[in-house]
$ cat upload.txt   # compact mmCIF, C-alpha atoms
# COMPACT_ATOMS: atom_id res chain seq x y z
CA MET A 1034 -14.50 -29.42 22.71
CA HIS A 1035 -13.04 -29.93 26.17
CA ASP A 1036 -13.78 -26.50 27.69
CA THR A 1037 -16.06 -23.57 27.06
CA LEU A 1038 -15.03 -21.67 23.94
CA LEU A 1039 -14.70 -17.91 24.48
CA TRP A 1040 -15.06 -16.17 21.13
CA ASP A 1041 -12.89 -13.22 22.16
CA ASP A 1042 -9.91 -15.59 22.34
CA ALA A 1043 -10.02 -15.67 18.53
CA ARG A 1044 -8.50 -12.16 18.69
CA VAL A 1045 -5.47 -13.63 20.45
CA PHE A 1046 -5.20 -16.38 17.83
CA LEU A 1047 -5.24 -13.81 15.00
CA ALA A 1048 -2.75 -11.50 16.69
CA ILE A 1049 -0.23 -14.34 17.17
CA ALA A 1050 -0.77 -15.54 13.60
CA ARG A 1051 -0.06 -12.04 12.26
CA SER A 1052 2.93 -11.17 14.45
CA GLY A 1053 4.47 -14.62 14.83
CA THR A 1054 5.37 -14.00 18.49
CA LEU A 1055 3.63 -13.71 21.84
CA SER A 1056 5.31 -10.36 22.49
CA GLY A 1057 4.14 -8.97 19.15
CA ALA A 1058 0.60 -10.13 19.81
CA ALA A 1059 0.71 -8.69 23.32
CA HIS A 1060 1.80 -5.32 21.94
CA ALA A 1061 -0.96 -5.32 19.31
CA LEU A 1062 -3.62 -6.29 21.86
CA ARG A 1063 -2.21 -4.14 24.68
CA MET A 1064 -2.07 -7.16 26.97
CA GLY A 1065 0.65 -8.82 28.96
CA VAL A 1066 2.60 -11.68 27.38
CA ALA A 1067 1.46 -14.04 30.15
CA THR A 1068 -2.18 -13.15 29.46
CA VAL A 1069 -1.77 -13.80 25.75
CA SER A 1070 -0.12 -17.17 26.45
CA ARG A 1071 -2.83 -18.14 28.93
CA ARG A 1072 -5.63 -17.24 26.55
CA LEU A 1073 -3.99 -19.18 23.70
CA ASP A 1074 -3.75 -22.23 25.96
CA ARG A 1075 -7.43 -21.79 26.87
CA LEU A 1076 -8.45 -21.58 23.20
CA GLU A 1077 -6.43 -24.64 22.21
CA ALA A 1078 -7.93 -26.57 25.13
CA ALA A 1079 -11.46 -25.54 24.16
CA LEU A 1080 -10.92 -26.58 20.54
CA GLY A 1081 -8.91 -29.67 21.37
CA LEU A 1082 -6.40 -28.67 18.70
CA PRO A 1083 -2.83 -27.35 18.63
CA LEU A 1084 -3.04 -24.09 16.69
CA PHE A 1085 0.68 -23.23 16.64
CA SER A 1086 3.98 -25.02 16.71
CA ARG A 1087 6.57 -23.32 18.89
CA HIS A 1088 9.96 -22.58 17.30
CA GLN A 1089 13.03 -20.63 18.31
CA GLN A 1090 12.03 -17.88 15.88
CA GLY A 1091 8.44 -17.72 17.16
CA TYR A 1092 5.04 -19.26 16.56
CA ARG A 1093 3.98 -20.92 13.31
CA LEU A 1094 0.46 -22.02 12.41
CA THR A 1095 -0.15 -25.75 12.39
CA ASP A 1096 -2.28 -27.26 9.63
CA ASP A 1097 -5.26 -27.05 12.00
CA GLY A 1098 -4.44 -23.41 12.70
CA GLU A 1099 -4.21 -22.61 9.00
CA ALA A 1100 -7.59 -24.27 8.44
CA LEU A 1101 -9.20 -22.08 11.13
CA LEU A 1102 -7.54 -18.80 10.11
CA GLU A 1103 -10.19 -17.75 7.60
CA ARG A 1104 -12.98 -18.57 10.08
CA ALA A 1105 -11.28 -16.47 12.75
CA GLU A 1106 -10.98 -13.55 10.33
CA ALA A 1107 -14.69 -13.88 9.54
CA LEU A 1108 -15.38 -13.66 13.29
CA GLU A 1109 -13.24 -10.52 13.47
CA HIS A 1110 -15.08 -8.87 10.57
CA ALA A 1111 -18.43 -9.80 12.11
CA GLY A 1112 -17.36 -8.33 15.43
CA LEU A 1113 -16.34 -5.07 13.78
CA ALA A 1114 -19.63 -4.87 11.92
CA PHE A 1115 -21.56 -5.61 15.12
CA GLY A 1116 -19.75 -2.85 16.99
CA GLU A 1117 -20.31 -0.33 14.25
CA ALA A 1118 -24.01 -1.21 14.06
CA GLY A 1119 -24.28 -0.14 17.67
CA GLN A 1120 -23.00 3.34 16.96
CA GLN A 1121 -25.38 6.20 16.34
CA ARG A 1122 -26.62 6.50 12.79
CA GLY A 1123 -24.11 8.33 10.58
CA GLN A 1124 -21.37 8.47 13.22
CA VAL A 1125 -17.89 7.66 11.89
CA ALA A 1126 -15.36 6.68 14.55
CA GLY A 1127 -12.40 4.39 15.04
CA THR A 1128 -9.13 3.65 13.26
CA VAL A 1129 -8.69 2.83 9.58
CA ARG A 1130 -5.42 1.31 8.36
CA LEU A 1131 -4.57 2.57 4.89
CA ALA A 1132 -1.68 1.06 2.93
CA THR A 1133 -0.11 2.91 0.02
CA ALA A 1134 3.19 3.95 -1.53
CA GLU A 1135 5.13 6.87 -0.08
CA ASN A 1136 5.11 8.71 -3.40
CA LEU A 1137 1.30 8.85 -3.15
CA ALA A 1138 1.09 9.27 0.62
CA ASN A 1139 3.44 12.20 1.18
CA PRO A 1140 2.60 14.63 -1.64
CA LEU A 1141 -1.06 13.72 -2.19
CA ILE A 1142 -2.92 11.77 0.49
CA ILE A 1143 -1.48 13.26 3.69
CA PRO A 1144 -2.11 16.91 2.68
CA SER A 1145 -5.77 15.98 2.05
CA LEU A 1146 -6.40 14.49 5.51
CA PRO A 1147 -7.33 17.72 7.33
CA THR A 1148 -10.51 17.83 5.23
CA LEU A 1149 -11.34 14.23 6.13
CA PHE A 1150 -10.71 14.77 9.85
CA ALA A 1151 -12.76 17.98 9.86
CA GLN A 1152 -15.72 15.98 8.55
CA HIS A 1153 -15.19 13.08 10.97
CA PRO A 1154 -13.53 14.26 14.22
CA GLU A 1155 -13.67 10.78 15.80
CA LEU A 1156 -11.92 9.10 12.87
CA ARG A 1157 -8.25 8.09 13.03
CA VAL A 1158 -6.03 6.88 10.19
CA GLU A 1159 -2.97 4.64 10.44
CA LEU A 1160 -0.89 5.00 7.29
CA VAL A 1161 1.14 1.95 6.25
CA THR A 1162 3.83 2.72 3.67
CA GLY A 1163 6.78 0.73 2.41
CA VAL A 1164 7.86 -1.63 -0.32
CA GLN A 1165 6.27 -4.74 1.18
CA THR A 1166 2.91 -5.89 -0.15
CA VAL A 1167 0.19 -5.81 2.48
CA ASN A 1168 -2.27 -8.67 2.84
CA LEU A 1169 -5.81 -7.35 3.23
CA HIS A 1170 -7.05 -10.83 4.12
CA ARG A 1171 -4.69 -10.93 7.10
CA ARG A 1172 -5.83 -7.41 8.03
CA ASP A 1173 -2.41 -5.85 7.50
CA ALA A 1174 -4.60 -2.96 6.37
CA ASP A 1175 -8.31 -2.19 5.93
CA LEU A 1176 -7.86 -0.73 2.47
CA ALA A 1177 -5.03 0.03 0.08
CA VAL A 1178 -4.16 2.33 -2.80
CA ARG A 1179 -1.81 0.42 -5.04
CA MET A 1180 -0.40 0.35 -8.56
CA VAL A 1181 -0.91 -3.39 -9.14
CA LYS A 1182 -4.41 -4.82 -9.43
CA PRO A 1183 -4.98 -7.89 -7.23
CA ASP A 1184 -6.17 -10.89 -9.23
CA ALA A 1185 -7.79 -12.95 -6.48
CA GLY A 1186 -9.55 -12.79 -3.16
CA ASN A 1187 -12.72 -11.46 -1.56
CA LEU A 1188 -11.88 -7.88 -2.49
CA THR A 1189 -13.72 -4.80 -3.72
CA ILE A 1190 -11.62 -3.01 -6.36
CA LYS A 1191 -12.08 0.39 -7.98
CA ARG A 1192 -9.81 2.15 -10.44
CA LEU A 1193 -8.95 5.63 -9.16
CA GLY A 1194 -7.09 6.90 -12.20
CA THR A 1195 -3.76 6.70 -13.98
CA MET A 1196 -0.30 7.89 -13.01
CA GLY A 1197 1.54 9.28 -16.02
CA PHE A 1198 5.34 9.19 -16.37
CA GLY A 1199 7.83 11.20 -18.41
CA LEU A 1200 11.59 11.56 -18.83
CA TYR A 1201 12.88 14.49 -16.78
CA GLY A 1202 16.15 16.26 -16.02
CA ALA A 1203 17.32 19.37 -14.22
CA ARG A 1204 17.60 22.59 -16.24
CA THR A 1205 21.34 22.71 -15.48
CA TYR A 1206 21.74 19.22 -16.94
CA VAL A 1207 19.46 19.69 -19.95
CA ASP A 1208 21.24 22.90 -21.00
CA THR A 1209 24.55 21.03 -21.33
CA ARG A 1210 23.33 18.00 -23.34
CA GLN A 1211 23.11 17.79 -27.13
CA ALA A 1212 19.74 18.80 -28.53
CA GLY A 1213 17.17 16.26 -29.66
CA THR A 1214 14.89 13.58 -28.25
CA ASP A 1215 15.43 10.75 -30.73
CA VAL A 1216 17.12 7.55 -29.51
CA ALA A 1217 20.53 8.56 -30.87
CA SER A 1218 20.48 11.87 -29.01
CA PHE A 1219 20.35 10.05 -25.65
CA GLU A 1220 23.48 7.95 -26.26
CA GLN A 1221 25.71 10.36 -24.34
CA ASP A 1222 23.27 11.01 -21.50
CA ASP A 1223 23.56 9.85 -17.92
CA PHE A 1224 20.51 8.05 -16.54
CA ILE A 1225 19.14 7.54 -13.05
CA GLY A 1226 17.48 4.14 -12.78
CA TRP A 1227 16.12 1.47 -10.47
CA ASN A 1228 18.29 -1.10 -8.73
CA GLU A 1229 18.01 -4.79 -9.63
CA THR A 1230 15.39 -5.50 -6.96
CA ASN A 1231 12.98 -3.14 -8.73
CA GLY A 1232 13.86 -4.23 -12.27
CA HIS A 1233 10.30 -5.47 -12.85
CA LEU A 1234 8.82 -1.97 -12.74
CA PRO A 1235 7.60 -0.56 -16.08
CA ALA A 1236 9.91 2.47 -15.71
CA ALA A 1237 12.90 0.17 -15.08
CA ARG A 1238 12.10 -1.94 -18.14
CA TRP A 1239 11.83 1.20 -20.28
CA MET A 1240 15.24 2.31 -19.01
CA THR A 1241 16.75 -1.06 -19.89
CA ARG A 1242 15.45 -0.78 -23.44
CA MET A 1243 16.72 2.78 -23.78
CA LEU A 1244 20.23 2.04 -22.45
CA ARG A 1245 20.74 -1.09 -24.60
CA GLY A 1246 23.39 -2.53 -22.31
CA ARG A 1247 24.83 0.70 -20.92
CA PRO A 1248 24.78 1.04 -17.11
CA CYS A 1249 22.93 3.80 -15.31
CA ARG A 1250 25.04 6.52 -13.76
CA LEU A 1251 23.05 6.05 -10.53
CA GLU A 1252 20.66 3.33 -9.37
CA THR A 1253 18.29 3.76 -6.43
CA GLY A 1254 15.57 1.84 -4.65
CA THR A 1255 13.07 4.65 -4.14
CA LEU A 1256 11.28 7.20 -6.26
CA ALA A 1257 12.16 9.94 -3.78
CA ALA A 1258 15.87 9.25 -4.31
CA GLN A 1259 15.46 9.37 -8.09
CA LEU A 1260 13.66 12.70 -7.85
CA ALA A 1261 16.44 14.10 -5.64
CA ALA A 1262 19.13 12.80 -8.00
CA ALA A 1263 17.44 14.34 -11.04
CA ARG A 1264 17.12 17.69 -9.26
CA ALA A 1265 20.84 17.49 -8.40
CA GLY A 1266 21.65 17.29 -12.12
CA LEU A 1267 22.99 13.73 -12.04
CA GLY A 1268 21.14 12.67 -15.17
CA LEU A 1269 17.74 11.86 -16.62
CA ALA A 1270 15.07 9.93 -14.74
CA VAL A 1271 11.65 8.44 -15.46
CA LEU A 1272 9.37 10.24 -13.02
CA PRO A 1273 5.64 10.69 -12.40
CA HIS A 1274 4.44 13.93 -13.96
CA PHE A 1275 2.71 15.09 -10.79
CA LEU A 1276 5.94 14.84 -8.76
CA ALA A 1277 8.32 16.22 -11.37
CA ARG A 1278 6.11 19.19 -12.23
CA GLN A 1279 6.17 20.36 -8.62
CA THR A 1280 9.87 21.06 -9.12
CA ASP A 1281 11.93 22.92 -11.74
CA LEU A 1282 12.65 19.77 -13.74
CA VAL A 1283 12.39 19.82 -17.54
CA CYS A 1284 10.38 17.16 -19.39
CA LEU A 1285 12.15 15.78 -22.48
CA LEU A 1286 9.76 12.93 -23.29
CA PRO A 1287 6.19 13.27 -21.98
CA GLU A 1288 4.94 9.89 -23.25
CA LEU A 1289 6.92 6.74 -22.48
CA GLY A 1290 4.25 4.05 -22.51
CA VAL A 1291 4.83 3.19 -18.85
CA ASP A 1292 1.80 4.87 -17.29
CA GLN A 1293 0.36 2.90 -14.38
CA PRO A 1294 -3.25 2.52 -13.20
CA ILE A 1295 -4.05 3.36 -9.58
CA TRP A 1296 -6.40 1.01 -7.72
CA LEU A 1297 -8.41 1.32 -4.52
CA VAL A 1298 -8.69 -2.10 -2.87
CA LEU A 1299 -10.60 -3.09 0.25
CA HIS A 1300 -11.81 -6.31 1.78
CA SER A 1301 -15.39 -6.88 0.68
CA ASP A 1302 -16.47 -7.61 4.27
CA LEU A 1303 -15.50 -4.02 5.14
CA ALA A 1304 -17.11 -2.36 2.13
CA HIS A 1305 -20.09 -1.21 4.23
CA SER A 1306 -18.12 -0.24 7.32
CA ARG A 1307 -18.83 3.45 7.98
CA ARG A 1308 -15.26 4.27 8.99
CA VAL A 1309 -13.72 2.42 6.00
CA ARG A 1310 -16.35 3.82 3.62
CA ALA A 1311 -15.61 7.37 4.80
CA VAL A 1312 -11.91 6.98 3.96
CA ALA A 1313 -12.65 5.21 0.67
CA ASP A 1314 -15.06 7.95 -0.44
CA HIS A 1315 -12.51 10.60 0.52
CA LEU A 1316 -9.84 8.89 -1.59
CA ILE A 1317 -12.17 8.51 -4.57
CA ALA A 1318 -12.95 12.25 -4.46
CA LEU A 1319 -9.28 13.13 -3.95
CA PHE A 1320 -8.06 11.18 -6.96
CA GLU A 1321 -10.89 12.46 -9.11
CA HIS A 1322 -9.87 16.02 -8.20
CA SER A 1323 -6.19 15.18 -8.85
CA ARG A 1324 -6.76 13.35 -12.15
CA ALA A 1325 -5.35 16.09 -14.38
CA ALA A 1326 -2.24 16.46 -12.22
CA LEU A 1327 -1.59 12.71 -12.15
CA HIS A 1328 -2.03 12.31 -15.90
CA PRO A 1329 -1.80 15.76 -17.47
CA LEU A 1330 -1.50 14.56 -21.07
CA SER A 1331 -4.77 12.66 -21.27
CA GLY A 1332 -8.42 12.91 -20.40
CA ASP A 1333 -7.97 9.48 -18.75
CA PRO A 1334 -11.50 8.10 -18.89
CA SER A 1335 -10.77 5.41 -16.28

$ encode --input "upload.txt" --output "structure tokens"
Amino acid sequence: MHDTLLWDDARVFLAIARSGTLSGAAHALRMGVATVSRRLDRLEAALGLPLFSRHQQGYRLTDDGEALLERAEALEHAGLAFGEAGQQRGQVAGTVRLATAENLANPLIIPSLPTLFAQHPELRVELVTGVQTVNLHRRDADLAVRMVKPDAGNLTIKRLGTMGFGLYGARTYVDTRQAGTDVASFEQDDFIGWNETNGHLPAARWMTRMLRGRPCRLETGTLAAQLAAARAGLGLAVLPHFLARQTDLVCLLPELGVDQPIWLVLHSDLAHSRRVRAVADHLIALFEHSRAALHPLSGDPS
């Protein structure tokens, strides 16, 4: 090493690696761009290694940078644990980044947060929603509630329950269709399905099997849009029971074989963090309380 290594400069390294730009890192760290650049230069000089290659589009990790990324994340986790150990016993404070889908966040998780905040007034939550998959190793989030179980990584995983799905339509639509729920009775129905990007979803695959080559009347990219379309009487949609039953929609088929497990996932290094544990315990209790609403047709022993 050519110069003294300052461990706090690892924060700058991680911020640039995650954002890909000096300006993005500066925003995340609440520093000036010049300060971020200067501290990166200092870190590279201390290590004697180029950590990034500079491109027109931003900063990319070199092979040496990639090799040090996991070590820098370990430093970050250790720093968080050290800071929390200095807090008073039992105190929960700080920000927790929670990643989940909007269809779980808006109707279920967000309405439950007043209880969590009443218990822990110094706790803050940053909710990350969207279609992109977050990377817990890169600290895109501290914990996540997701429908797909991760198959690798230093992660702590707990099954929260099961989300049940059924085939639903508006009363105005159902009253005009021919009676029956066998396959033949659906041949004249309009369906609301997923666009091609989401064709891998269990509900989308069920729809493909049901339509047998027929196109959907409407395709969307979000569950919220499908719910709105079904309520507007545009056709039948595969919807979660807990969302559809909050409306006046009619269930034609309650069991489709596309139910999905719900998983709580957090980085194992954060499993004993008081702030992360407080949010995780709140979510576990919330989904236990909501189990019958999420999967009303089964005892769901998960």

$ atom_distance --input "upload.txt" --atom1 "CA of Thr1230 (chain A)" --atom2 "CA of Gln1259 (chain A)"
14.9 Å

$ closest_residue --input "upload.txt" --among "A:His1233, A:Arg1044, A:Arg1324, A:Arg1104" --to "Arg1063 (chain A)" --atoms "only C-alpha atoms"
A:Arg1044

$ atom_distance --input "upload.txt" --atom1 "CA of Ala1111 (chain A)" --atom2 "CA of Phe1046 (chain A)"
15.8 Å

$ residues_around --input "upload.txt" --residues "Ala1217 (chain A)" --least-positions-apart "6" --cutoff "12 Å" --atoms "all atoms listed in the file" --output "compact mmCIF listing (two decimals) with C-alpha atoms, in the coordinates of the input"
# COMPACT_ATOMS: atom_id res chain seq x y z
CA GLN A 1211 23.11 17.79 -27.13
CA MET A 1243 16.72 2.78 -23.78
CA LEU A 1244 20.23 2.04 -22.45
CA ARG A 1245 20.74 -1.09 -24.60

$ closest_residue --input "upload.txt" --among "A:Glu1103, A:Asp1281, A:Asp1215, A:Asp1041" --to "Leu1073 (chain A)" --atoms "all atoms listed in the file"
A:Asp1041
